[in-house]
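These notes concern the structure reproduced below.
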Amino acid sequence: MSSRLKTRGLNLKQLGVLAICSVLVACSSSPSSSKGAKRDSQSGRYQMANDRAPDNAPDVSKVPNAVPKYEPYSRQGNKDYRVLGKNYAVLNHGKDFRERGIASWYGSKFHGHLTSNGEVYDMYAMTAAHKTLPIPSYVKVRNEDNNKEIIVRVNDRGPFHEGRVIDLSYAAAYKLGVLSTGTARVNIEAIYFPTPSSRALAELADPHVNFIQITASRDKVRINHLAQKLEAKYGISSNIEPVNGFYRLRLGPIGQRHIADKLLQNLKRDGFPDSFMVEQAKP
């Protein structure tokens, strides 16, 4: 053996150094998991080999649902892509999207790393990963086994296991009752918001105007006083109409439905829980 090593210009001491170097190189990298593949093509970016629940996790039982709202889709994470030999086509929007399948969750391994749209993954926030919904999207998720429901914001891609339809954050999985089982059968439904331009066009074409009925009373003086108060507070004109001995108070007309919806929410919060929307044909 020593004669062959000398022939190649190596001695036993040099061979030992080379062996140690090769071991160090092998330990410095590891192949990407399906999670790593979806989030970054670089191997070895995660400190943990396997995912797990966090140590000394804070109480996430009080973490509120994600609040759905219109958001423009991200520049990152919304192109068609390929993972583990399979192609995925990202949807143009989430309108009318529904899906049924298995939910899983991801936690400490990915906490603090970038999601598919460049945000930082926070396992204590109400977020999720989905293969094809545009990012960001809002999704209502119902656990078929316990009927619990949550709302999450989709800002990542995955899961890439067969049959799984959504990957929940640690907090979302806790609130849906998935942590103890690892997976759960779920129904998911996207909460769609049109773009401001498409919403404006739709409202222009809408043949209705909106009123919000506040209350009805036989006391005309009280109704008039309340109408003046509400007009001053909300900047919306009022309408008082006598009906069968009562005086009905409405705010409006309001041409844009999303403004009427927002006003209705404010009225209910401000002490008028019985208020409701009334549509009338445009004159």
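For the structure tokens, the naming scheme is as follows: chains receive sequential letters (A, B, ...) according to their order of presentation, residues are indexed from 1 within each chain, and ligands are indexed from 1 in presentation order.
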
Check your understanding: Any idea what's packed within 8 Å of A:Arg98, counting only C-alpha atoms, ignoring anything in its chain fewer than 2 positions away? Could you give it as a list of chain:residue names?
Key ->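 Counting only the stated atoms, we get A:Asp96, A:Arg100, A:Asn187, A:Ile188, A:Glu189, A:Ala190.
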
Could the residues in this selection be saved with N, CA, C and O atoms as a short mmCIF file (atom, residue, chain, number, x, y, z; two decimals), in the first residue's frame?
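Output below, filename again11.cif:
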```
data_model
loop_
_atom_site.label_atom_id
_atom_site.label_comp_id
_atom_site.auth_asym_id
_atom_site.auth_seq_id
_atom_site.Cartn_x
_atom_site.Cartn_y
_atom_site.Cartn_z
N ASP A 96 -64.13 31.91 -5.17
CA ASP A 96 -64.89 30.65 -5.18
C ASP A 96 -64.02 29.42 -4.93
O ASP A 96 -64.46 28.30 -5.19
N ARG A 100 -60.85 20.24 -0.05
CA ARG A 100 -60.98 19.33 1.09
C ARG A 100 -59.80 18.37 1.07
O ARG A 100 -59.39 17.87 0.02
N ASN A 187 -61.76 21.26 5.65
CA ASN A 187 -62.32 21.98 4.51
C ASN A 187 -61.73 23.37 4.52
O ASN A 187 -61.69 24.02 5.58
N ILE A 188 -61.28 23.84 3.38
CA ILE A 188 -60.76 25.20 3.31
C ILE A 188 -61.54 26.00 2.28
O ILE A 188 -61.99 25.47 1.26
N GLU A 189 -61.72 27.28 2.57
CA GLU A 189 -62.47 28.17 1.70
C GLU A 189 -61.76 29.51 1.66
O GLU A 189 -61.53 30.15 2.69
N ALA A 190 -61.39 29.94 0.46
CA ALA A 190 -60.69 31.21 0.31
C ALA A 190 -61.65 32.38 0.53
O ALA A 190 -62.82 32.33 0.12
#
```

Determine, counting only C-alpha atoms, which protein, DNA and RNA residues have an atom within 10 Å of an atom of stretch 68-77 of chain A; residues of the same chain fewer than 6 positions away are not included. Present the result as an mmCIF file with all heavy atoms, in the first residue's frame.
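Output saved as part_2.cif:
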```
data_model
loop_
_atom_site.group_PDB
_atom_site.id
_atom_site.type_symbol
_atom_site.label_atom_id
_atom_site.label_comp_id
_atom_site.auth_asym_id
_atom_site.auth_seq_id
_atom_site.Cartn_x
_atom_site.Cartn_y
_atom_site.Cartn_z
ATOM 1 N N ARG A 39 -38.877 26.370 0.028
ATOM 2 C CA ARG A 39 -38.587 27.701 0.528
ATOM 3 C C ARG A 39 -37.230 28.224 0.081
ATOM 4 O O ARG A 39 -37.007 29.411 0.035
ATOM 5 C CB ARG A 39 -38.675 27.714 2.055
ATOM 6 C CG ARG A 39 -40.106 27.491 2.516
ATOM 7 C CD ARG A 39 -40.194 27.441 4.025
ATOM 8 N NE ARG A 39 -41.576 27.364 4.422
ATOM 9 C CZ ARG A 39 -42.271 26.239 4.498
ATOM 10 N NH1 ARG A 39 -41.692 25.102 4.214
ATOM 11 N NH2 ARG A 39 -43.530 26.245 4.850
ATOM 12 N N VAL A 90 -49.869 28.454 -10.204
ATOM 13 C CA VAL A 90 -50.456 29.353 -9.213
ATOM 14 C C VAL A 90 -51.724 29.985 -9.796
ATOM 15 O O VAL A 90 -51.751 30.441 -10.945
ATOM 16 C CB VAL A 90 -49.452 30.441 -8.805
ATOM 17 C CG1 VAL A 90 -50.089 31.440 -7.847
ATOM 18 C CG2 VAL A 90 -48.219 29.807 -8.178
ATOM 19 N N ASN A 92 -54.791 32.623 -10.504
ATOM 20 C CA ASN A 92 -54.822 34.074 -10.690
ATOM 21 C C ASN A 92 -55.512 34.778 -9.529
ATOM 22 O O ASN A 92 -55.211 35.931 -9.217
ATOM 23 C CB ASN A 92 -55.532 34.427 -12.000
ATOM 24 C CG ASN A 92 -54.734 33.994 -13.212
ATOM 25 O OD1 ASN A 92 -53.502 34.025 -13.199
ATOM 26 N ND2 ASN A 92 -55.424 33.586 -14.264
ATOM 27 N N HIS A 93 -56.466 34.098 -8.900
ATOM 28 C CA HIS A 93 -57.181 34.653 -7.746
ATOM 29 C C HIS A 93 -57.802 33.497 -6.967
ATOM 30 O O HIS A 93 -57.798 32.348 -7.416
ATOM 31 C CB HIS A 93 -58.267 35.651 -8.181
ATOM 32 C CG HIS A 93 -59.256 35.081 -9.149
ATOM 33 N ND1 HIS A 93 -60.250 34.199 -8.770
ATOM 34 C CD2 HIS A 93 -59.397 35.236 -10.495
ATOM 35 C CE1 HIS A 93 -60.971 33.851 -9.821
ATOM 36 N NE2 HIS A 93 -60.468 34.460 -10.881
ATOM 37 N N THR A 115 -40.384 32.987 4.095
ATOM 38 C CA THR A 115 -41.445 32.264 3.402
ATOM 39 C C THR A 115 -41.298 32.505 1.899
ATOM 40 O O THR A 115 -40.410 33.234 1.445
ATOM 41 C CB THR A 115 -42.828 32.744 3.874
ATOM 42 O OG1 THR A 115 -42.980 34.133 3.533
ATOM 43 C CG2 THR A 115 -42.977 32.577 5.375
ATOM 44 N N SER A 116 -42.210 31.928 1.130
ATOM 45 C CA SER A 116 -42.089 32.001 -0.326
ATOM 46 C C SER A 116 -42.233 33.411 -0.880
ATOM 47 O O SER A 116 -41.756 33.698 -1.974
ATOM 48 C CB SER A 116 -43.134 31.091 -0.975
ATOM 49 O OG SER A 116 -42.859 29.746 -0.673
ATOM 50 N N ASN A 117 -42.915 34.304 -0.153
ATOM 51 C CA ASN A 117 -43.044 35.676 -0.653
ATOM 52 C C ASN A 117 -42.069 36.633 0.012
ATOM 53 O O ASN A 117 -42.198 37.847 -0.098
ATOM 54 C CB ASN A 117 -44.479 36.185 -0.469
ATOM 55 C CG ASN A 117 -44.849 36.401 0.982
ATOM 56 O OD1 ASN A 117 -44.225 35.855 1.876
ATOM 57 N ND2 ASN A 117 -45.886 37.184 1.213
ATOM 58 N N GLY A 118 -41.075 36.091 0.730
ATOM 59 C CA GLY A 118 -40.026 36.926 1.295
ATOM 60 C C GLY A 118 -40.295 37.438 2.687
ATOM 61 O O GLY A 118 -39.465 38.176 3.237
ATOM 62 N N GLU A 119 -41.435 37.072 3.285
ATOM 63 C CA GLU A 119 -41.699 37.442 4.671
ATOM 64 C C GLU A 119 -40.990 36.462 5.605
ATOM 65 O O GLU A 119 -40.552 35.396 5.187
ATOM 66 C CB GLU A 119 -43.204 37.440 4.933
ATOM 67 C CG GLU A 119 -43.962 38.469 4.112
ATOM 68 C CD GLU A 119 -45.465 38.409 4.341
ATOM 69 O OE1 GLU A 119 -45.931 37.514 5.066
ATOM 70 O OE2 GLU A 119 -46.170 39.255 3.774
ATOM 71 N N THR A 132 -51.131 26.416 -4.376
ATOM 72 C CA THR A 132 -51.523 27.148 -5.584
ATOM 73 C C THR A 132 -52.288 28.451 -5.362
ATOM 74 O O THR A 132 -52.460 29.216 -6.304
ATOM 75 C CB THR A 132 -52.387 26.252 -6.491
ATOM 76 O OG1 THR A 132 -53.548 25.821 -5.771
ATOM 77 C CG2 THR A 132 -51.602 25.037 -6.974
ATOM 78 N N PRO A 134 -52.928 32.264 -4.667
ATOM 79 C CA PRO A 134 -52.013 33.410 -4.760
ATOM 80 C C PRO A 134 -51.641 33.911 -3.371
ATOM 81 O O PRO A 134 -52.418 33.794 -2.423
ATOM 82 C CB PRO A 134 -52.819 34.452 -5.548
ATOM 83 C CG PRO A 134 -54.247 34.037 -5.400
ATOM 84 C CD PRO A 134 -54.243 32.555 -5.269
ATOM 85 N N ILE A 135 -50.444 34.459 -3.270
ATOM 86 C CA ILE A 135 -49.907 34.935 -1.995
ATOM 87 C C ILE A 135 -49.880 36.461 -1.991
ATOM 88 O O ILE A 135 -49.354 37.055 -2.933
ATOM 89 C CB ILE A 135 -48.484 34.399 -1.766
ATOM 90 C CG1 ILE A 135 -48.487 32.872 -1.610
ATOM 91 C CG2 ILE A 135 -47.837 35.037 -0.563
ATOM 92 C CD1 ILE A 135 -47.091 32.276 -1.508
ATOM 93 N N PRO A 136 -50.424 37.111 -0.941
ATOM 94 C CA PRO A 136 -51.123 36.522 0.196
ATOM 95 C C PRO A 136 -52.599 36.291 -0.100
ATOM 96 O O PRO A 136 -53.213 37.006 -0.889
ATOM 97 C CB PRO A 136 -50.954 37.582 1.284
ATOM 98 C CG PRO A 136 -50.916 38.874 0.528
ATOM 99 C CD PRO A 136 -50.228 38.565 -0.768
ATOM 100 N N SER A 137 -53.161 35.290 0.532
ATOM 101 C CA SER A 137 -54.594 35.009 0.492
ATOM 102 C C SER A 137 -55.070 34.740 1.912
ATOM 103 O O SER A 137 -54.267 34.378 2.776
ATOM 104 C CB SER A 137 -54.904 33.785 -0.384
ATOM 105 O OG SER A 137 -54.677 34.041 -1.744
ATOM 106 N N TYR A 138 -56.363 34.902 2.119
ATOM 107 C CA TYR A 138 -56.962 34.577 3.407
ATOM 108 C C TYR A 138 -57.877 33.375 3.239
ATOM 109 O O TYR A 138 -58.628 33.295 2.262
ATOM 110 C CB TYR A 138 -57.731 35.772 3.968
ATOM 111 C CG TYR A 138 -56.830 36.900 4.391
ATOM 112 C CD1 TYR A 138 -56.414 37.865 3.482
ATOM 113 C CD2 TYR A 138 -56.356 36.982 5.698
ATOM 114 C CE1 TYR A 138 -55.563 38.888 3.859
ATOM 115 C CE2 TYR A 138 -55.503 38.001 6.090
ATOM 116 C CZ TYR A 138 -55.114 38.956 5.162
ATOM 117 O OH TYR A 138 -54.261 39.968 5.546
ATOM 118 N N VAL A 139 -57.791 32.450 4.180
ATOM 119 C CA VAL A 139 -58.496 31.181 4.052
ATOM 120 C C VAL A 139 -59.180 30.826 5.368
ATOM 121 O O VAL A 139 -58.574 30.939 6.437
ATOM 122 C CB VAL A 139 -57.516 30.045 3.665
ATOM 123 C CG1 VAL A 139 -58.206 28.705 3.673
ATOM 124 C CG2 VAL A 139 -56.910 30.304 2.292
ATOM 125 N N LYS A 140 -60.442 30.396 5.264
ATOM 126 C CA LYS A 140 -61.132 29.834 6.422
ATOM 127 C C LYS A 140 -60.922 28.333 6.412
ATOM 128 O O LYS A 140 -61.142 27.674 5.386
ATOM 129 C CB LYS A 140 -62.622 30.169 6.365
ATOM 130 C CG LYS A 140 -63.418 29.628 7.543
ATOM 131 C CD LYS A 140 -64.836 30.195 7.568
ATOM 132 C CE LYS A 140 -65.660 29.695 6.408
ATOM 133 N NZ LYS A 140 -67.061 30.147 6.474
ATOM 134 N N ILE A 151 -59.208 31.367 10.753
ATOM 135 C CA ILE A 151 -58.884 32.111 9.537
ATOM 136 C C ILE A 151 -57.389 32.371 9.547
ATOM 137 O O ILE A 151 -56.834 32.865 10.546
ATOM 138 C CB ILE A 151 -59.653 33.433 9.445
ATOM 139 C CG1 ILE A 151 -61.161 33.163 9.337
ATOM 140 C CG2 ILE A 151 -59.189 34.251 8.231
ATOM 141 C CD1 ILE A 151 -62.018 34.405 9.343
ATOM 142 N N VAL A 152 -56.726 32.010 8.462
ATOM 143 C CA VAL A 152 -55.280 32.173 8.352
ATOM 144 C C VAL A 152 -54.929 32.974 7.099
ATOM 145 O O VAL A 152 -55.714 33.068 6.165
ATOM 146 C CB VAL A 152 -54.553 30.811 8.310
ATOM 147 C CG1 VAL A 152 -54.681 30.078 9.624
ATOM 148 C CG2 VAL A 152 -55.078 29.953 7.155
ATOM 149 N N ARG A 153 -53.740 33.525 7.132
ATOM 150 C CA ARG A 153 -53.203 34.265 5.971
ATOM 151 C C ARG A 153 -52.152 33.395 5.304
ATOM 152 O O ARG A 153 -51.166 32.991 5.925
ATOM 153 C CB ARG A 153 -52.589 35.579 6.430
ATOM 154 C CG ARG A 153 -52.009 36.446 5.314
ATOM 155 C CD ARG A 153 -51.547 37.771 5.896
ATOM 156 N NE ARG A 153 -50.934 38.631 4.903
ATOM 157 C CZ ARG A 153 -49.623 38.664 4.632
ATOM 158 N NH1 ARG A 153 -48.792 37.855 5.302
ATOM 159 N NH2 ARG A 153 -49.138 39.480 3.726
ATOM 160 N N ASN A 155 -49.051 32.767 3.211
ATOM 161 C CA ASN A 155 -47.884 33.507 2.736
ATOM 162 C C ASN A 155 -46.715 32.587 2.377
ATOM 163 O O ASN A 155 -45.574 33.029 2.296
ATOM 164 C CB ASN A 155 -47.434 34.525 3.790
ATOM 165 C CG ASN A 155 -46.903 33.891 5.059
ATOM 166 O OD1 ASN A 155 -47.074 32.692 5.278
ATOM 167 N ND2 ASN A 155 -46.262 34.683 5.898
ATOM 168 N N ASP A 156 -47.017 31.296 2.151
ATOM 169 C CA ASP A 156 -45.946 30.338 1.900
ATOM 170 C C ASP A 156 -46.456 29.233 0.980
ATOM 171 O O ASP A 156 -47.668 29.121 0.726
ATOM 172 C CB ASP A 156 -45.463 29.753 3.226
ATOM 173 C CG ASP A 156 -44.011 29.310 3.178
ATOM 174 O OD1 ASP A 156 -43.400 29.372 2.096
ATOM 175 O OD2 ASP A 156 -43.487 28.890 4.218
ATOM 176 N N ARG A 157 -45.544 28.413 0.477
ATOM 177 C CA ARG A 157 -45.886 27.306 -0.414
ATOM 178 C C ARG A 157 -45.722 25.965 0.314
ATOM 179 O O ARG A 157 -44.837 25.785 1.136
ATOM 180 C CB ARG A 157 -45.003 27.324 -1.659
ATOM 181 C CG ARG A 157 -45.284 28.490 -2.587
ATOM 182 C CD ARG A 157 -46.617 28.348 -3.249
ATOM 183 N NE ARG A 157 -46.999 29.563 -3.994
ATOM 184 C CZ ARG A 157 -48.205 30.066 -3.998
ATOM 185 N NH1 ARG A 157 -49.164 29.485 -3.295
ATOM 186 N NH2 ARG A 157 -48.484 31.137 -4.690
ATOM 187 N N ILE A 191 -61.159 33.419 1.178
ATOM 188 C CA ILE A 191 -61.919 34.660 1.369
ATOM 189 C C ILE A 191 -61.375 35.654 0.357
ATOM 190 O O ILE A 191 -60.258 36.164 0.494
ATOM 191 C CB ILE A 191 -61.762 35.178 2.804
ATOM 192 C CG1 ILE A 191 -62.230 34.113 3.797
ATOM 193 C CG2 ILE A 191 -62.534 36.478 3.006
ATOM 194 C CD1 ILE A 191 -61.916 34.445 5.250
ATOM 195 N N TYR A 192 -62.172 35.904 -0.674
ATOM 196 C CA TYR A 192 -61.672 36.654 -1.830
ATOM 197 C C TYR A 192 -62.030 38.136 -1.736
ATOM 198 O O TYR A 192 -63.145 38.498 -1.363
ATOM 199 C CB TYR A 192 -62.265 36.057 -3.109
ATOM 200 C CG TYR A 192 -61.993 36.864 -4.356
ATOM 201 C CD1 TYR A 192 -60.711 36.943 -4.889
ATOM 202 C CD2 TYR A 192 -63.024 37.556 -5.007
ATOM 203 C CE1 TYR A 192 -60.455 37.680 -6.024
ATOM 204 C CE2 TYR A 192 -62.777 38.284 -6.151
ATOM 205 C CZ TYR A 192 -61.491 38.356 -6.652
ATOM 206 O OH TYR A 192 -61.234 39.093 -7.777
ATOM 207 N N PHE A 193 -61.053 38.972 -2.076
ATOM 208 C CA PHE A 193 -61.275 40.410 -2.176
ATOM 209 C C PHE A 193 -60.932 40.857 -3.598
ATOM 210 O O PHE A 193 -59.807 40.622 -4.055
ATOM 211 C CB PHE A 193 -60.391 41.177 -1.189
ATOM 212 C CG PHE A 193 -60.782 40.984 0.246
ATOM 213 C CD1 PHE A 193 -60.262 39.932 0.979
ATOM 214 C CD2 PHE A 193 -61.666 41.841 0.861
ATOM 215 C CE1 PHE A 193 -60.614 39.748 2.301
ATOM 216 C CE2 PHE A 193 -62.027 41.674 2.189
ATOM 217 C CZ PHE A 193 -61.506 40.625 2.902
ATOM 218 N N PRO A 194 -61.872 41.483 -4.297
ATOM 219 C CA PRO A 194 -61.544 41.981 -5.636
ATOM 220 C C PRO A 194 -60.569 43.143 -5.556
ATOM 221 O O PRO A 194 -60.436 43.794 -4.510
ATOM 222 C CB PRO A 194 -62.901 42.430 -6.177
ATOM 223 C CG PRO A 194 -63.702 42.764 -4.965
ATOM 224 C CD PRO A 194 -63.253 41.799 -3.904
ATOM 225 N N THR A 195 -59.878 43.418 -6.649
ATOM 226 C CA THR A 195 -58.985 44.580 -6.690
ATOM 227 C C THR A 195 -59.824 45.846 -6.613
ATOM 228 O O THR A 195 -61.012 45.851 -6.984
ATOM 229 C CB THR A 195 -58.171 44.589 -7.987
ATOM 230 O OG1 THR A 195 -59.058 44.738 -9.093
ATOM 231 C CG2 THR A 195 -57.373 43.296 -8.137
ATOM 232 N N PRO A 196 -59.258 46.939 -6.127
ATOM 233 C CA PRO A 196 -60.030 48.185 -6.051
ATOM 234 C C PRO A 196 -60.629 48.611 -7.387
ATOM 235 O O PRO A 196 -61.755 49.104 -7.445
ATOM 236 C CB PRO A 196 -58.994 49.199 -5.546
ATOM 237 C CG PRO A 196 -58.013 48.373 -4.782
ATOM 238 C CD PRO A 196 -57.930 47.066 -5.516
#
```

Sorted by chain and rising residue number, list the residues of stretch 150-255 of chain A at most 7 Å from stretch 272-276 of chain A (counting only C-alpha atoms), each with its closest atom pair and distance in Å to one decimal, as a Markdown table.
```
| residue | atom | partner | partner_atom | distance |
| --- | --- | --- | --- | --- |
| A:Ile212 | CA | A:Phe276 | CA | 5.6 |
| A:Gln213 | CA | A:Ser275 | CA | 5.5 |
| A:Ile214 | CA | A:Ser275 | CA | 4.7 |
| A:Thr215 | CA | A:Ser275 | CA | 6.9 |
```

Review point. In stretch 48-213 of chain A, what's strand (DSSP E) per DSSP? Answer as a PyMOL selection string?
Key: chain A and resi 81-83+86-88+98-105+127-129+137-143+149-156+164-168+184-191+208-213

Exercise for review: Measuring atom to atom with only C-alpha atoms, identify which of A:Gln265, A:Ser61, A:Asn224, A:Ser104 is nearest to A:Tyr174.
Suggested key: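 Between A:Gln265, A:Ser61, A:Asn224, A:Ser104, the residue approaching A:Tyr174 most closely is A:Ser61.
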
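One distance worth recording is that between atom CA of A:Ala216 and atom CA of A:Glu241, which is 9.2 Å.
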
**Study point:** Polymer residues at most 8 Å from A:Lys131, only C-alpha atoms, same-chain spacing of 2 or more positions, as a PyMOL selection string
**Key:** chain A and resi 88+90+129+133+157-160+165-166

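Between atom CA of A:Ile102 and atom CA of A:Pro64 the separation is 22.9 Å.
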
Point to revise | All alpha helix (DSSP H) residues (DSSP, backbone) inside stretch 121-243 of chain A, as a ChimeraX atom specification | key: /A:170-176,196-205,220-234

**Study point:** Separation of atom CA of A:Val63 from atom CA of A:Asn266 in Å
**Key:**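 That distance, rounded to one decimal, is 23.0 Å.
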
Review point. So, counting only C-alpha atoms, which residue among A:Arg185, A:Arg257, A:His161, A:His130 is closest to A:Arg142?
Key: A:Arg185

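Shortest separation to A:Asn143 among A:Ile240, A:Leu114, A:Met277, A:Val186 occurs at residue A:Val186, atoms counted being only C-alpha atoms.
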
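Among the candidates A:Glu231, A:Ser180, A:Leu226, A:Gly107, the one nearest to A:Asp55 when counting only C-alpha atoms is A:Gly107.
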
For A:Ser238, find every residue with an atom within 8 Å (counting only C-alpha atoms), except residues of its own chain fewer than 5 positions away, and show them as a PDB file with all heavy atoms, in the first residue's frame.
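Once written, around-v9.pdb looks like this:
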```
ATOM      1  N   ALA A 227     -81.296  61.166  14.470  1.00  0.00           N
ATOM      2  CA  ALA A 227     -80.858  61.386  13.090  1.00  0.00           C
ATOM      3  C   ALA A 227     -79.802  62.485  13.015  1.00  0.00           C
ATOM      4  O   ALA A 227     -78.783  62.339  12.326  1.00  0.00           O
ATOM      5  CB  ALA A 227     -82.056  61.730  12.215  1.00  0.00           C
ATOM      6  N   GLN A 228     -80.030  63.587  13.727  1.00  0.00           N
ATOM      7  CA  GLN A 228     -79.062  64.682  13.723  1.00  0.00           C
ATOM      8  C   GLN A 228     -77.729  64.239  14.335  1.00  0.00           C
ATOM      9  O   GLN A 228     -76.648  64.591  13.837  1.00  0.00           O
ATOM     10  CB  GLN A 228     -79.637  65.872  14.498  1.00  0.00           C
ATOM     11  CG  GLN A 228     -80.842  66.517  13.834  1.00  0.00           C
ATOM     12  CD  GLN A 228     -81.489  67.570  14.707  1.00  0.00           C
ATOM     13  OE1 GLN A 228     -80.928  67.981  15.733  1.00  0.00           O
ATOM     14  NE2 GLN A 228     -82.674  68.021  14.323  1.00  0.00           N
ATOM     15  N   LEU A 230     -76.470  61.158  14.440  1.00  0.00           N
ATOM     16  CA  LEU A 230     -75.771  60.223  13.564  1.00  0.00           C
ATOM     17  C   LEU A 230     -75.209  60.921  12.333  1.00  0.00           C
ATOM     18  O   LEU A 230     -74.106  60.586  11.860  1.00  0.00           O
ATOM     19  CB  LEU A 230     -76.711  59.090  13.155  1.00  0.00           C
ATOM     20  CG  LEU A 230     -77.151  58.152  14.293  1.00  0.00           C
ATOM     21  CD1 LEU A 230     -78.142  57.112  13.766  1.00  0.00           C
ATOM     22  CD2 LEU A 230     -75.961  57.476  14.943  1.00  0.00           C
ATOM     23  N   GLU A 231     -75.933  61.879  11.789  1.00  0.00           N
ATOM     24  CA  GLU A 231     -75.420  62.639  10.640  1.00  0.00           C
ATOM     25  C   GLU A 231     -74.132  63.365  11.003  1.00  0.00           C
ATOM     26  O   GLU A 231     -73.166  63.371  10.226  1.00  0.00           O
ATOM     27  CB  GLU A 231     -76.471  63.641  10.159  1.00  0.00           C
ATOM     28  CG  GLU A 231     -77.607  63.027   9.360  1.00  0.00           C
ATOM     29  CD  GLU A 231     -78.529  64.089   8.790  1.00  0.00           C
ATOM     30  OE1 GLU A 231     -78.282  65.290   9.047  1.00  0.00           O
ATOM     31  OE2 GLU A 231     -79.493  63.727   8.093  1.00  0.00           O
ATOM     32  N   LEU A 249     -85.907  55.220  10.855  1.00  0.00           N
ATOM     33  CA  LEU A 249     -84.694  55.997  10.610  1.00  0.00           C
ATOM     34  C   LEU A 249     -83.684  55.164   9.828  1.00  0.00           C
ATOM     35  O   LEU A 249     -83.298  54.076  10.249  1.00  0.00           O
ATOM     36  CB  LEU A 249     -84.072  56.443  11.936  1.00  0.00           C
ATOM     37  CG  LEU A 249     -82.689  57.108  11.857  1.00  0.00           C
ATOM     38  CD1 LEU A 249     -82.724  58.355  10.987  1.00  0.00           C
ATOM     39  CD2 LEU A 249     -82.170  57.430  13.261  1.00  0.00           C
ATOM     40  N   ARG A 250     -83.246  55.728   8.698  1.00  0.00           N
ATOM     41  CA  ARG A 250     -82.214  55.093   7.890  1.00  0.00           C
ATOM     42  C   ARG A 250     -81.132  56.104   7.553  1.00  0.00           C
ATOM     43  O   ARG A 250     -81.404  57.302   7.413  1.00  0.00           O
ATOM     44  CB  ARG A 250     -82.805  54.538   6.586  1.00  0.00           C
ATOM     45  CG  ARG A 250     -83.737  53.353   6.787  1.00  0.00           C
ATOM     46  CD  ARG A 250     -84.341  52.898   5.470  1.00  0.00           C
ATOM     47  NE  ARG A 250     -85.143  51.688   5.630  1.00  0.00           N
ATOM     48  CZ  ARG A 250     -85.837  51.126   4.646  1.00  0.00           C
ATOM     49  NH1 ARG A 250     -85.835  51.658   3.429  1.00  0.00           N
ATOM     50  NH2 ARG A 250     -86.529  50.029   4.880  1.00  0.00           N
ATOM     51  N   LEU A 251     -79.907  55.609   7.392  1.00  0.00           N
ATOM     52  CA  LEU A 251     -78.802  56.417   6.894  1.00  0.00           C
ATOM     53  C   LEU A 251     -78.556  56.044   5.436  1.00  0.00           C
ATOM     54  O   LEU A 251     -78.531  54.864   5.084  1.00  0.00           O
ATOM     55  CB  LEU A 251     -77.532  56.180   7.706  1.00  0.00           C
ATOM     56  CG  LEU A 251     -77.539  56.627   9.166  1.00  0.00           C
ATOM     57  CD1 LEU A 251     -76.164  56.390   9.800  1.00  0.00           C
ATOM     58  CD2 LEU A 251     -77.932  58.081   9.310  1.00  0.00           C
ATOM     59  N   GLY A 252     -78.354  57.046   4.591  1.00  0.00           N
ATOM     60  CA  GLY A 252     -78.110  56.792   3.181  1.00  0.00           C
ATOM     61  C   GLY A 252     -78.809  57.810   2.304  1.00  0.00           C
ATOM     62  O   GLY A 252     -79.406  58.757   2.810  1.00  0.00           O
TER      63      GLY A 252
END
```
